[in-house]
Amino acid sequence: MTVFALPGAMKASRKPSRGLRVADQIQRDLGELIPREVRDPRVGLVTLTGVEVTPDYAHAKVFFTVIGSQPEVAARGLNAAAGHLHNLLFKRLSIHTIPRLHFVHDTSVERGFAIDRLIATALGDKGEDSERATTVDKPEHPKE
């Protein structure tokens with residue numbers, strides 16, 4: 001009987017978990033470093049929402065939201081500081097390759113708010129009917 005194994009099948013189970021761990025650690029470290037080390041006035045109050053690392057660890061997309069600055073302006077400021085942040089990560093992390101950082105504004109929060117507004121307006125027309133239905137459908141319990 002011949003058993004065939006796919007190339008890299010044994011390693012495949014380890015790579016995603018390691019990549020996720022590296023991405024999470026980069027997110028935690030950048031969360032500490034950006035407020036302390038980035039002095040660029042273009043960067044407002046930044047919240048990191050996620051990090052995606054390429055399989056070869058050469059590049060990392062860092063997703064962020066910002067308050068107090070325009071997202072495009074903040075992205076330019078963060079990308080200008082990416083080299084400095086890369087050097088600081090190199091001193092903190094003990095991995096062979098520190099990925100190059102690419103900051104990208106995360107629009108998922110705004111999309112979520114837009115969907116909430118759509119739902120609210122859709123329910124606003126029917127909200128009165130559903131509110132009446134819930135109060136009418138409640139059975140009254142006789143007092144003993």
# chains A, B, ... in the order shown; residues from 1 in each chain; ligands from 1
>>> closest_atom_pairs(of="segment 45-104 of chain A", to="segment 28-38 of chain A", cutoff="10 Å", atoms="only C-alpha atoms", output="JSON lines")
{"residue": "A:Leu45", "atom": "CA", "partner": "A:Pro35", "partner_atom": "CA", "distance": 8.0}
{"residue": "A:Val46", "atom": "CA", "partner": "A:Pro35", "partner_atom": "CA", "distance": 8.0}
{"residue": "A:Thr47", "atom": "CA", "partner": "A:Gly31", "partner_atom": "CA", "distance": 7.5}
{"residue": "A:Leu48", "atom": "CA", "partner": "A:Gly31", "partner_atom": "CA", "distance": 6.6}
{"residue": "A:Thr49", "atom": "CA", "partner": "A:Gly31", "partner_atom": "CA", "distance": 9.8}
{"residue": "A:Gly50", "atom": "CA", "partner": "A:Arg28", "partner_atom": "CA", "distance": 9.8}
{"residue": "A:Val51", "atom": "CA", "partner": "A:Arg28", "partner_atom": "CA", "distance": 9.8}
{"residue": "A:Val62", "atom": "CA", "partner": "A:Leu30", "partner_atom": "CA", "distance": 9.2}
{"residue": "A:Gly77", "atom": "CA", "partner": "A:Val38", "partner_atom": "CA", "distance": 8.7}
{"residue": "A:Leu78", "atom": "CA", "partner": "A:Val38", "partner_atom": "CA", "distance": 7.9}
{"residue": "A:Ala80", "atom": "CA", "partner": "A:Val38", "partner_atom": "CA", "distance": 9.7}
{"residue": "A:Ala81", "atom": "CA", "partner": "A:Val38", "partner_atom": "CA", "distance": 6.8}
{"residue": "A:Ala82", "atom": "CA", "partner": "A:Val38", "partner_atom": "CA", "distance": 9.5}
{"residue": "A:His84", "atom": "CA", "partner": "A:Glu37", "partner_atom": "CA", "distance": 8.7}
{"residue": "A:Leu85", "atom": "CA", "partner": "A:Leu33", "partner_atom": "CA", "distance": 7.4}
{"residue": "A:His86", "atom": "CA", "partner": "A:Leu30", "partner_atom": "CA", "distance": 9.4}
{"residue": "A:Leu88", "atom": "CA", "partner": "A:Leu33", "partner_atom": "CA", "distance": 8.0}
{"residue": "A:Leu89", "atom": "CA", "partner": "A:Asp29", "partner_atom": "CA", "distance": 7.3}
{"residue": "A:Arg92", "atom": "CA", "partner": "A:Asp29", "partner_atom": "CA", "distance": 8.1}
{"residue": "A:Leu93", "atom": "CA", "partner": "A:Asp29", "partner_atom": "CA", "distance": 8.9}
>>> write_last_selection(atoms="N, CA, C and O atoms", output="PDB file, in the first residue's frame")
ATOM      1  N   LEU A  45      -5.922  60.040  17.192  1.00  0.00           N
ATOM      2  CA  LEU A  45      -6.077  58.910  18.107  1.00  0.00           C
ATOM      3  C   LEU A  45      -6.349  57.671  17.268  1.00  0.00           C
ATOM      4  O   LEU A  45      -7.413  57.523  16.682  1.00  0.00           O
ATOM      5  N   VAL A  46      -5.374  56.787  17.204  1.00  0.00           N
ATOM      6  CA  VAL A  46      -5.425  55.615  16.330  1.00  0.00           C
ATOM      7  C   VAL A  46      -5.796  54.377  17.136  1.00  0.00           C
ATOM      8  O   VAL A  46      -5.262  54.149  18.224  1.00  0.00           O
ATOM      9  N   THR A  47      -6.708  53.584  16.586  1.00  0.00           N
ATOM     10  CA  THR A  47      -7.036  52.277  17.139  1.00  0.00           C
ATOM     11  C   THR A  47      -6.727  51.229  16.078  1.00  0.00           C
ATOM     12  O   THR A  47      -7.211  51.327  14.955  1.00  0.00           O
ATOM     13  N   LEU A  48      -5.913  50.266  16.434  1.00  0.00           N
ATOM     14  CA  LEU A  48      -5.576  49.192  15.500  1.00  0.00           C
ATOM     15  C   LEU A  48      -6.665  48.130  15.578  1.00  0.00           C
ATOM     16  O   LEU A  48      -6.995  47.643  16.654  1.00  0.00           O
ATOM     17  N   THR A  49      -7.204  47.771  14.406  1.00  0.00           N
ATOM     18  CA  THR A  49      -8.300  46.804  14.379  1.00  0.00           C
ATOM     19  C   THR A  49      -7.860  45.436  13.889  1.00  0.00           C
ATOM     20  O   THR A  49      -8.600  44.471  14.052  1.00  0.00           O
ATOM     21  N   GLY A  50      -6.692  45.345  13.295  1.00  0.00           N
ATOM     22  CA  GLY A  50      -6.229  44.046  12.825  1.00  0.00           C
ATOM     23  C   GLY A  50      -4.914  44.147  12.082  1.00  0.00           C
ATOM     24  O   GLY A  50      -4.522  45.222  11.633  1.00  0.00           O
ATOM     25  N   VAL A  51      -4.245  43.019  11.969  1.00  0.00           N
ATOM     26  CA  VAL A  51      -2.993  42.913  11.216  1.00  0.00           C
ATOM     27  C   VAL A  51      -3.051  41.636  10.398  1.00  0.00           C
ATOM     28  O   VAL A  51      -3.412  40.580  10.924  1.00  0.00           O
ATOM     29  N   VAL A  62      -1.599  46.704   8.295  1.00  0.00           N
ATOM     30  CA  VAL A  62      -2.072  47.083   9.616  1.00  0.00           C
ATOM     31  C   VAL A  62      -3.327  47.931   9.415  1.00  0.00           C
ATOM     32  O   VAL A  62      -3.264  49.022   8.852  1.00  0.00           O
ATOM     33  N   GLY A  77       0.593  59.762   7.528  1.00  0.00           N
ATOM     34  CA  GLY A  77       1.463  59.942   8.694  1.00  0.00           C
ATOM     35  C   GLY A  77       1.982  58.622   9.239  1.00  0.00           C
ATOM     36  O   GLY A  77       3.164  58.493   9.569  1.00  0.00           O
ATOM     37  N   LEU A  78       1.106  57.622   9.319  1.00  0.00           N
ATOM     38  CA  LEU A  78       1.531  56.314   9.827  1.00  0.00           C
ATOM     39  C   LEU A  78       2.492  55.631   8.856  1.00  0.00           C
ATOM     40  O   LEU A  78       3.480  55.022   9.287  1.00  0.00           O
ATOM     41  N   ALA A  80       4.475  57.133   6.869  1.00  0.00           N
ATOM     42  CA  ALA A  80       5.748  57.847   6.966  1.00  0.00           C
ATOM     43  C   ALA A  80       6.554  57.360   8.171  1.00  0.00           C
ATOM     44  O   ALA A  80       7.792  57.335   8.131  1.00  0.00           O
ATOM     45  N   ALA A  81       5.874  56.963   9.227  1.00  0.00           N
ATOM     46  CA  ALA A  81       6.544  56.471  10.435  1.00  0.00           C
ATOM     47  C   ALA A  81       6.764  54.963  10.405  1.00  0.00           C
ATOM     48  O   ALA A  81       7.305  54.402  11.362  1.00  0.00           O
ATOM     49  N   ALA A  82       6.362  54.288   9.328  1.00  0.00           N
ATOM     50  CA  ALA A  82       6.436  52.821   9.273  1.00  0.00           C
ATOM     51  C   ALA A  82       7.861  52.310   9.424  1.00  0.00           C
ATOM     52  O   ALA A  82       8.092  51.293  10.086  1.00  0.00           O
ATOM     53  N   HIS A  84      10.381  53.687  11.089  1.00  0.00           N
ATOM     54  CA  HIS A  84      10.766  53.829  12.497  1.00  0.00           C
ATOM     55  C   HIS A  84      10.085  52.757  13.350  1.00  0.00           C
ATOM     56  O   HIS A  84      10.722  52.128  14.208  1.00  0.00           O
ATOM     57  N   LEU A  85       8.792  52.525  13.092  1.00  0.00           N
ATOM     58  CA  LEU A  85       8.068  51.495  13.839  1.00  0.00           C
ATOM     59  C   LEU A  85       8.623  50.108  13.535  1.00  0.00           C
ATOM     60  O   LEU A  85       8.689  49.251  14.419  1.00  0.00           O
ATOM     61  N   HIS A  86       9.043  49.884  12.292  1.00  0.00           N
ATOM     62  CA  HIS A  86       9.661  48.609  11.912  1.00  0.00           C
ATOM     63  C   HIS A  86      10.925  48.378  12.732  1.00  0.00           C
ATOM     64  O   HIS A  86      11.156  47.265  13.243  1.00  0.00           O
ATOM     65  N   LEU A  88      11.659  49.633  15.669  1.00  0.00           N
ATOM     66  CA  LEU A  88      11.287  49.384  17.060  1.00  0.00           C
ATOM     67  C   LEU A  88      10.748  47.965  17.245  1.00  0.00           C
ATOM     68  O   LEU A  88      11.025  47.318  18.265  1.00  0.00           O
ATOM     69  N   LEU A  89       9.980  47.480  16.268  1.00  0.00           N
ATOM     70  CA  LEU A  89       9.496  46.101  16.338  1.00  0.00           C
ATOM     71  C   LEU A  89      10.653  45.114  16.267  1.00  0.00           C
ATOM     72  O   LEU A  89      10.637  44.070  16.919  1.00  0.00           O
ATOM     73  N   ARG A  92      11.971  44.527  19.579  1.00  0.00           N
ATOM     74  CA  ARG A  92      11.051  43.865  20.506  1.00  0.00           C
ATOM     75  C   ARG A  92      10.801  42.398  20.185  1.00  0.00           C
ATOM     76  O   ARG A  92      10.673  41.581  21.096  1.00  0.00           O
ATOM     77  N   LEU A  93      10.654  42.084  18.910  1.00  0.00           N
ATOM     78  CA  LEU A  93      10.265  40.735  18.509  1.00  0.00           C
ATOM     79  C   LEU A  93      11.490  39.871  18.268  1.00  0.00           C
ATOM     80  O   LEU A  93      12.510  40.345  17.764  1.00  0.00           O
TER      81      LEU A  93
END
>>> select_by_dssp(residues="segment 34-127 of chain A", states="strand (DSSP E or B)", output="count of residues only")
24
>>> residues_around(residues="Glu110 of chain A", least_positions_apart="3", cutoff="12 Å", atoms="only C-alpha atoms", output="NGL selection string")
:A and (64-66 or 71 or 105-107 or 113-117)
>>> select_by_dssp(residues="segment 16-72 of chain A", states="alpha helix (DSSP H)", output="list in words")
Pro16, Ser17, Arg18, Gly19, Leu20, Arg21, Val22, Ala23, Asp24, Gln25, Ile26, Gln27, Arg28, Asp29, Leu30, Gly31, Glu32, Leu33, Ile34, Pro35, Arg36, Glu37, Pro71 and Glu72 of chain A
>>> closest_residue(among="A:Val109, A:Leu118, A:Val104, A:Val22", to="Val53 of chain A", atoms="only C-alpha atoms")
A:Val22
